[in-house]
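**Q** Sharing a structure below in structure tokens format, with a few things to ask.
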Amino acid sequence: MRILIVEDDETLADGLVAGLQLSGFVPELTGTCADADCALRDGNFAAVVLDLMLPDGSGLDLLKRWRHAGLHIPVILLTALDSVGDRISGLDRGADDYLGKPFDLDELAARLRAIARRQEGRAEPVMRFGTLALDPARQMAFRNDLPVSLSRREYTLLAALMERPGGIVARASLEDQLYGWQEGVESNALEVHVHNLRAKLGAAVIRTVRGVGYQLQEEVP
Amino acid sequence: MTSIRWRLFAILLLATGGIWLSAVVWLQHSTRAQIERVLDSRLAEAGHMVSSLLSDQGLAQAVTQDAEGSLALPDFRMFEGGIERQLHCQVWSLRGTLLGQSGGAPQARLAEAVEGFSEARTENGNWRVYTVINHDLGVEIVVGESLNMRENLLADVRAGLLWPIGVIAPLLALAIWLSVGRGLRPLSVFASALAGRNEDNLAPVASSPLPPEIQPMGAALDGLLARLAQARQRERDFIAYAAHELKTPLAGIRTQAQVARAAPDEPVRQHALDQLVGAVDRTARLVGQLLDLARVEDDQAASVATEPLETIAGRVVAGLQDLARSRNIALQINGTASGVAAAPVHLGLALRNVVENAVLAAPAGSVVGVVLSVKGVTVRDCGPGIDPCDLPHITDRFFTGTTSRGSGLGLAIAEAALVRIGWSMTFHRAEPAGQIVQLSGPRGTAGS
């Protein structure tokens, strides 16, 4: 899950990136409203973690602009002002969730997962497709209810495919999910991870759609 | 302080009473004059009338005999019926024998042999007397009237004027009390409207129409309310900023601590721990600055004894030498400022923040100069200088320019501290590059 983090405090931003990576997300970092605006318009993100006070303006105003422009991406607000009134005004301006600083990193991750679930319209925390199951909270994958050991990249790739069960996921989108802006993409790195996933889950699980991307397929038992 | 209603009531009552009393005194005075004029002329007329009536009646014989009581006078009664006898008459021979008298007249001689009006004291009270000397007959006619009668008449007039006051005064007082209350009603409405406000209501009072007399008060109050609302807004902004500036590094510290705890490999953990230590240092500095800001606003510290500028600046520069060395910057102090003194806490805080900014802005290997003069202190660095666009906001709390990495409190503290002790701070660009910050003492600092 690709997450856009908009936070100008270096320590917190660095911690958010590291912490969300540990929780299996692919975080991208911007420090200003203007950068966040650009990033959101051309990146494909599952959610935004937005700080309220940014050096070039208020996060609330940015959020209002996004909602006004018809951007429906889920947004979690991070703020030092967490009185009831502040929470209400934040939620009323289009935020999906609200966390007062200082917050628990695991809680932020859980809320991001909950937001993702709601986005995909499922109530169950575990994602299922055919004989496959993925538990984002524990970052574990199962095949026929048996745990499969996956690397971080493999897990991210499987999660990206399972977010659109049966749908074709574009190659560029998968690369975005696997590698943030910070990390360079090695040529045919995606193919290597797909190859490894097929070896662990069965060759028929991931189908290559030539020239487009990849697609999950139900195993015939 | 006495209530306005009571004051007005007392003033109106005293004024009305005073006017009334002076009217009584004046009336009494003029009545007395009138009564005396009328009664005196009656007395004189009576004397002349008696003189002209005394012709026969054996007067010549009586005068010749010169024996007491030899002359029988008719009963001298001018009015009949319940009225007390008012006029009395004596006829004396010029040799001093009482020839005759009217009934009830005193035996003693009422007046010495002086023609005209006089007053006499006898056992029977005080008298107003008129004397006529009839040289043809050789007698002296004395007509007298008791003064008690006149006093009684005046007392009646006085009582006639005073008793209505006794009856009307309470009614008048009540009327005054009620009218004053009614006249002051807009004031009490205004007061109760103010008293009924809750503490968050800082709306102008003059929004509802006020009588012209309280309009200036309403306007003054509105000015105060507006300033109060501004101050409250500033406080709210300050709290919002302070909360953000304090809670954000705390959130960073917590997040990094969680990352360190959950990190699977050593480099990630080490990085998180380094970030943690840096964030704690930055937070500690911010807390220190917030405390400085509170200290600057404490008036007591400004009133302590001053210290020479050279001592204060020397201490500040010595305290920042470590920082300067760590950034490979030469921090120099020169110049003299003999006779210039200031509150050490305030000037010290201001100077420390300005010099610290200069040291942090200066490129490695450059010089930061602190120059003392009788006008104050100048701090000069060779850094990029303050962006002209940022200058108007540079001393706002929590204002961080587009390039600054600080908390945005340093220059706000400096400005607040300098204002407290009457100093000022000005910014100039240095040529070819760098920033000059001038801290100037109040006019006449030198030699003070």
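FYI, nothing fancy with the structure tokens labels: chains A, B, ... in order, residues from 1 per chain, ligands from 1 as they appear.
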Quick one: residues within 8 Å of Val50 in chain B, only C-alpha atoms, excluding same-chain residues fewer than 4 positions away - as a list in words?

**A**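 Residues near the query, excluding close chain neighbours: Ala46, Leu54 and Ile141 of chain B.
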
**Q** Okay, now the selection with C-alpha atoms, as an mmCIF file, in the first residue's frame?

**A**
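This went into selection18.cif:
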```
data_model
loop_
_atom_site.group_PDB
_atom_site.id
_atom_site.type_symbol
_atom_site.label_atom_id
_atom_site.label_comp_id
_atom_site.auth_asym_id
_atom_site.auth_seq_id
_atom_site.Cartn_x
_atom_site.Cartn_y
_atom_site.Cartn_z
ATOM 1 C CA ALA B 46 -51.722 107.715 67.411
ATOM 2 C CA LEU B 54 -55.458 117.103 74.682
ATOM 3 C CA ILE B 141 -47.130 112.437 75.028
#
```

**Q** For the helix (DSSP H, G or I) assignment from backbone DSSP, which residues of range 8-221 of chain B qualify? Please present them as a PyMOL selection string.

**A** chain B and resi 8-53+59-65+147-183+185-195+205-207+215-221

**Q** Taking a cut-off of 10 Å and counting only C-alpha atoms, can you build a table that, for each residue of chain A near chain B, reports the nearest atom pair and how far apart they are in Å (one decimal), sorted by chain then residue number, as JSON lines?

**A**
```
{"residue": "A:Glu7", "atom": "CA", "partner": "B:Thr248", "partner_atom": "CA", "distance": 9.6}
{"residue": "A:Asp8", "atom": "CA", "partner": "B:Thr248", "partner_atom": "CA", "distance": 9.6}
{"residue": "A:Asp9", "atom": "CA", "partner": "B:Thr248", "partner_atom": "CA", "distance": 7.1}
{"residue": "A:Glu10", "atom": "CA", "partner": "B:Gly252", "partner_atom": "CA", "distance": 8.2}
{"residue": "A:Thr11", "atom": "CA", "partner": "B:Gly252", "partner_atom": "CA", "distance": 5.2}
{"residue": "A:Leu12", "atom": "CA", "partner": "B:Gly252", "partner_atom": "CA", "distance": 3.6}
{"residue": "A:Ala13", "atom": "CA", "partner": "B:Gly252", "partner_atom": "CA", "distance": 7.3}
{"residue": "A:Asp14", "atom": "CA", "partner": "B:Gln256", "partner_atom": "CA", "distance": 7.9}
{"residue": "A:Gly15", "atom": "CA", "partner": "B:Gln256", "partner_atom": "CA", "distance": 4.8}
{"residue": "A:Leu16", "atom": "CA", "partner": "B:Thr255", "partner_atom": "CA", "distance": 6.7}
{"residue": "A:Val17", "atom": "CA", "partner": "B:Val259", "partner_atom": "CA", "distance": 9.6}
{"residue": "A:Ala18", "atom": "CA", "partner": "B:Val259", "partner_atom": "CA", "distance": 6.6}
{"residue": "A:Gly19", "atom": "CA", "partner": "B:Val259", "partner_atom": "CA", "distance": 5.3}
{"residue": "A:Leu20", "atom": "CA", "partner": "B:Val259", "partner_atom": "CA", "distance": 9.0}
{"residue": "A:Gln21", "atom": "CA", "partner": "B:Val259", "partner_atom": "CA", "distance": 9.7}
{"residue": "A:Leu22", "atom": "CA", "partner": "B:Ala263", "partner_atom": "CA", "distance": 7.3}
{"residue": "A:Ser23", "atom": "CA", "partner": "B:Ala262", "partner_atom": "CA", "distance": 9.6}
{"residue": "A:Asp51", "atom": "CA", "partner": "B:Thr248", "partner_atom": "CA", "distance": 9.4}
{"residue": "A:Leu52", "atom": "CA", "partner": "B:His244", "partner_atom": "CA", "distance": 8.9}
{"residue": "A:Met53", "atom": "CA", "partner": "B:His244", "partner_atom": "CA", "distance": 7.5}
{"residue": "A:Pro55", "atom": "CA", "partner": "B:Thr402", "partner_atom": "CA", "distance": 7.5}
{"residue": "A:Asp56", "atom": "CA", "partner": "B:Thr402", "partner_atom": "CA", "distance": 8.3}
{"residue": "A:Leu78", "atom": "CA", "partner": "B:Thr248", "partner_atom": "CA", "distance": 9.2}
{"residue": "A:Thr79", "atom": "CA", "partner": "B:His244", "partner_atom": "CA", "distance": 7.1}
{"residue": "A:Ala80", "atom": "CA", "partner": "B:His244", "partner_atom": "CA", "distance": 4.8}
{"residue": "A:Leu81", "atom": "CA", "partner": "B:Ala240", "partner_atom": "CA", "distance": 6.7}
{"residue": "A:Asp82", "atom": "CA", "partner": "B:Ala243", "partner_atom": "CA", "distance": 9.8}
{"residue": "A:Gly100", "atom": "CA", "partner": "B:Lys247", "partner_atom": "CA", "distance": 8.8}
{"residue": "A:Lys101", "atom": "CA", "partner": "B:Ala251", "partner_atom": "CA", "distance": 5.4}
{"residue": "A:Pro102", "atom": "CA", "partner": "B:Ala251", "partner_atom": "CA", "distance": 3.8}
{"residue": "A:Phe103", "atom": "CA", "partner": "B:Ala251", "partner_atom": "CA", "distance": 6.1}
{"residue": "A:Asp104", "atom": "CA", "partner": "B:Thr255", "partner_atom": "CA", "distance": 7.0}
{"residue": "A:Leu105", "atom": "CA", "partner": "B:Thr255", "partner_atom": "CA", "distance": 5.9}
{"residue": "A:Asp106", "atom": "CA", "partner": "B:Gln258", "partner_atom": "CA", "distance": 8.5}
```

**Q** Using DSSP on the backbone coordinates, identify all residues within range 119-245 of chain B classified as strand (DSSP E); present the result as a list in words.

**A**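 Taking range 119-245 of chain B and keeping strand (DSSP E) gives Glu119, Ala120, Arg121, Thr122, Gly125, Asn126, Trp127, Arg128, Val129, Tyr130, Thr131, Val132, Ile133, Asn134, Val139, Glu140, Ile141, Val142, Val143, Gly144, Glu145 and Ser146 of chain B.
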
**Q** Within 10 Å of His193 in chain A, counting only C-alpha atoms, which residues show up once you throw out same-chain ones fewer than 3 positions away? Write them as an NGL selection string, please.

**A** :A and (151 or 153-155 or 157-158 or 178 or 188-190 or 196-199)

**Q** Keeping only N, CA, C and O atoms, write those residues as a PDB file, in the first residue's frame.

**A**
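Saved as out-v9.pdb:
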```pdb
ATOM      1  N   SER A 151       9.459 -12.413   1.538  1.00  0.00           N
ATOM      2  CA  SER A 151      10.296 -11.243   1.818  1.00  0.00           C
ATOM      3  C   SER A 151       9.393  -9.994   1.809  1.00  0.00           C
ATOM      4  O   SER A 151       8.235 -10.068   1.410  1.00  0.00           O
ATOM      5  N   ARG A 153       9.512  -7.366  -0.125  1.00  0.00           N
ATOM      6  CA  ARG A 153       9.092  -7.011  -1.489  1.00  0.00           C
ATOM      7  C   ARG A 153       8.025  -7.973  -2.003  1.00  0.00           C
ATOM      8  O   ARG A 153       7.048  -7.566  -2.612  1.00  0.00           O
ATOM      9  N   GLU A 154       8.231  -9.253  -1.719  1.00  0.00           N
ATOM     10  CA  GLU A 154       7.253 -10.243  -2.177  1.00  0.00           C
ATOM     11  C   GLU A 154       5.900 -10.012  -1.522  1.00  0.00           C
ATOM     12  O   GLU A 154       4.848 -10.072  -2.167  1.00  0.00           O
ATOM     13  N   TYR A 155       5.971  -9.699  -0.217  1.00  0.00           N
ATOM     14  CA  TYR A 155       4.720  -9.434   0.501  1.00  0.00           C
ATOM     15  C   TYR A 155       4.007  -8.221  -0.107  1.00  0.00           C
ATOM     16  O   TYR A 155       2.800  -8.245  -0.366  1.00  0.00           O
ATOM     17  N   LEU A 157       4.270  -7.003  -3.085  1.00  0.00           N
ATOM     18  CA  LEU A 157       3.776  -7.328  -4.426  1.00  0.00           C
ATOM     19  C   LEU A 157       2.461  -8.116  -4.337  1.00  0.00           C
ATOM     20  O   LEU A 157       1.469  -7.785  -5.012  1.00  0.00           O
ATOM     21  N   LEU A 158       2.442  -9.109  -3.429  1.00  0.00           N
ATOM     22  CA  LEU A 158       1.228  -9.920  -3.291  1.00  0.00           C
ATOM     23  C   LEU A 158       0.063  -9.056  -2.785  1.00  0.00           C
ATOM     24  O   LEU A 158      -1.060  -9.156  -3.282  1.00  0.00           O
ATOM     25  N   LEU A 178       6.305  -1.096  -5.212  1.00  0.00           N
ATOM     26  CA  LEU A 178       7.462  -1.811  -4.677  1.00  0.00           C
ATOM     27  C   LEU A 178       8.578  -0.857  -4.288  1.00  0.00           C
ATOM     28  O   LEU A 178       9.234  -1.032  -3.276  1.00  0.00           O
ATOM     29  N   ASN A 188      14.302  -5.416 -14.750  1.00  0.00           N
ATOM     30  CA  ASN A 188      13.657  -6.725 -14.529  1.00  0.00           C
ATOM     31  C   ASN A 188      13.591  -7.169 -13.060  1.00  0.00           C
ATOM     32  O   ASN A 188      13.464  -8.324 -12.759  1.00  0.00           O
ATOM     33  N   ALA A 189      13.688  -6.175 -12.098  1.00  0.00           N
ATOM     34  CA  ALA A 189      13.556  -6.535 -10.682  1.00  0.00           C
ATOM     35  C   ALA A 189      12.160  -7.061 -10.399  1.00  0.00           C
ATOM     36  O   ALA A 189      11.984  -8.009  -9.629  1.00  0.00           O
ATOM     37  N   LEU A 190      11.165  -6.465 -11.055  1.00  0.00           N
ATOM     38  CA  LEU A 190       9.778  -6.905 -10.833  1.00  0.00           C
ATOM     39  C   LEU A 190       9.623  -8.367 -11.247  1.00  0.00           C
ATOM     40  O   LEU A 190       9.012  -9.163 -10.524  1.00  0.00           O
ATOM     41  N   ASN A 196       9.869 -15.311  -7.905  1.00  0.00           N
ATOM     42  CA  ASN A 196       9.992 -15.879  -6.554  1.00  0.00           C
ATOM     43  C   ASN A 196       8.619 -16.195  -5.960  1.00  0.00           C
ATOM     44  O   ASN A 196       8.442 -17.225  -5.298  1.00  0.00           O
ATOM     45  N   LEU A 197       7.651 -15.264  -6.179  1.00  0.00           N
ATOM     46  CA  LEU A 197       6.302 -15.492  -5.654  1.00  0.00           C
ATOM     47  C   LEU A 197       5.687 -16.740  -6.262  1.00  0.00           C
ATOM     48  O   LEU A 197       5.065 -17.541  -5.565  1.00  0.00           O
ATOM     49  N   ARG A 198       5.876 -16.901  -7.572  1.00  0.00           N
ATOM     50  CA  ARG A 198       5.305 -18.085  -8.242  1.00  0.00           C
ATOM     51  C   ARG A 198       5.908 -19.354  -7.656  1.00  0.00           C
ATOM     52  O   ARG A 198       5.219 -20.343  -7.448  1.00  0.00           O
ATOM     53  N   ALA A 199       7.213 -19.282  -7.359  1.00  0.00           N
ATOM     54  CA  ALA A 199       7.882 -20.468  -6.812  1.00  0.00           C
ATOM     55  C   ALA A 199       7.287 -20.825  -5.460  1.00  0.00           C
ATOM     56  O   ALA A 199       7.181 -21.985  -5.097  1.00  0.00           O
TER      57      ALA A 199
END
```

**Q** One number please: CA of Lys64 in chain A to CA of Arg236 in chain B, in Å, one decimal.

**A**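 CA of Arg236 in chain B lies at a distance of 22.6 Å from CA of Lys64 in chain A.
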
**Q** For CA of Arg128 in chain A and CA of Gly43 in chain A, quote the distance in Å rounded to one decimal.

**A**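 If I compute the distance from CA of Arg128 in chain A to CA of Gly43 in chain A, I get 26.5 Å.
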
**Q** A:His195, A:Arg122, A:Arg171, A:Arg111: which is nearest Tyr98 in chain A, counting only C-alpha atoms?

**A**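 The closest residue to Tyr98 in chain A is A:Arg111.
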
**Q** Give me, as a count of residues only, all polymer residues having an atom no more than 7 Å from Ile312 in chain B, counting only C-alpha atoms and skipping those fewer than 5 positions away in the same chain.

**A** 3

**Q** Leaving out Val142 in chain B and any residue of its chain fewer than 6 positions from it, which residues lie within 9 Å of it when counting only C-alpha atoms, given as a PDB file with N, CA and C atoms, in the first residue's frame?

**A**
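Wrote it out as out-v2.pdb, contents follow:
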```pdb
ATOM      1  N   GLY B  47     -49.844 108.985  68.378  1.00  0.00           N
ATOM      2  CA  GLY B  47     -49.223 109.990  69.239  1.00  0.00           C
ATOM      3  C   GLY B  47     -49.739 111.383  68.911  1.00  0.00           C
ATOM      4  N   HIS B  88     -50.500 101.824  74.120  1.00  0.00           N
ATOM      5  CA  HIS B  88     -50.625 102.424  75.437  1.00  0.00           C
ATOM      6  C   HIS B  88     -50.118 103.842  75.384  1.00  0.00           C
ATOM      7  N   CYS B  89     -50.643 104.676  76.270  1.00  0.00           N
ATOM      8  CA  CYS B  89     -50.306 106.098  76.186  1.00  0.00           C
ATOM      9  C   CYS B  89     -49.965 106.643  77.578  1.00  0.00           C
ATOM     10  N   GLN B  90     -48.931 107.497  77.658  1.00  0.00           N
ATOM     11  CA  GLN B  90     -48.618 108.211  78.900  1.00  0.00           C
ATOM     12  C   GLN B  90     -48.523 109.693  78.568  1.00  0.00           C
ATOM     13  N   VAL B  91     -48.987 110.515  79.499  1.00  0.00           N
ATOM     14  CA  VAL B  91     -48.821 111.955  79.299  1.00  0.00           C
ATOM     15  C   VAL B  91     -47.997 112.463  80.464  1.00  0.00           C
ATOM     16  N   TRP B  92     -46.852 113.054  80.155  1.00  0.00           N
ATOM     17  CA  TRP B  92     -45.930 113.554  81.180  1.00  0.00           C
ATOM     18  C   TRP B  92     -45.881 115.064  81.084  1.00  0.00           C
ATOM     19  N   ARG B 109     -41.592 105.325  83.155  1.00  0.00           N
ATOM     20  CA  ARG B 109     -41.520 106.165  81.970  1.00  0.00           C
ATOM     21  C   ARG B 109     -41.027 105.319  80.800  1.00  0.00           C
ATOM     22  N   LEU B 110     -41.765 105.387  79.705  1.00  0.00           N
ATOM     23  CA  LEU B 110     -41.440 104.512  78.581  1.00  0.00           C
ATOM     24  C   LEU B 110     -40.286 105.046  77.758  1.00  0.00           C
ATOM     25  N   ALA B 111     -40.151 106.381  77.721  1.00  0.00           N
ATOM     26  CA  ALA B 111     -39.073 106.894  76.879  1.00  0.00           C
ATOM     27  C   ALA B 111     -38.522 108.151  77.497  1.00  0.00           C
ATOM     28  N   VAL B 129     -41.681 102.836  71.001  1.00  0.00           N
ATOM     29  CA  VAL B 129     -42.285 104.061  71.588  1.00  0.00           C
ATOM     30  C   VAL B 129     -42.198 105.214  70.598  1.00  0.00           C
ATOM     31  N   TYR B 130     -43.253 106.061  70.603  1.00  0.00           N
ATOM     32  CA  TYR B 130     -43.209 107.311  69.827  1.00  0.00           C
ATOM     33  C   TYR B 130     -43.537 108.451  70.782  1.00  0.00           C
ATOM     34  N   THR B 131     -42.694 109.479  70.775  1.00  0.00           N
ATOM     35  CA  THR B 131     -42.869 110.602  71.726  1.00  0.00           C
ATOM     36  C   THR B 131     -43.186 111.893  70.967  1.00  0.00           C
ATOM     37  N   VAL B 132     -44.232 112.579  71.450  1.00  0.00           N
ATOM     38  CA  VAL B 132     -44.583 113.887  70.876  1.00  0.00           C
ATOM     39  C   VAL B 132     -44.492 114.909  72.010  1.00  0.00           C
ATOM     40  N   ILE B 133     -43.799 116.025  71.797  1.00  0.00           N
ATOM     41  CA  ILE B 133     -43.733 117.072  72.841  1.00  0.00           C
ATOM     42  C   ILE B 133     -44.642 118.221  72.406  1.00  0.00           C
TER      43      ILE B 133
END
```

**Q** Have a look at CA of Asp396 in chain B and CA of Ser424 in chain B and let me know their distance in Å, one decimal.

**A**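 Going from CA of Asp396 in chain B over to CA of Ser424 in chain B covers 15.0 Å.
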
**Q** Which residue is closest to Pro384 in chain B? Choose from B:Val419, B:Leu87, B:Ala430, B:Ala313 and count only C-alpha atoms.

**A**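 Of all the options, B:Ala430 lies closest to Pro384 in chain B.
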
**Q** Got a sec: who's within 12 Å of Pro136 in chain A, counting only C-alpha atoms, leaving out chain neighbours fewer than 2 positions off, as a ChimeraX atom specification?

**A** /A:1,22-25,109-114,116-117,124-128,133-134,138-142,152,155-156,158-160,162-163
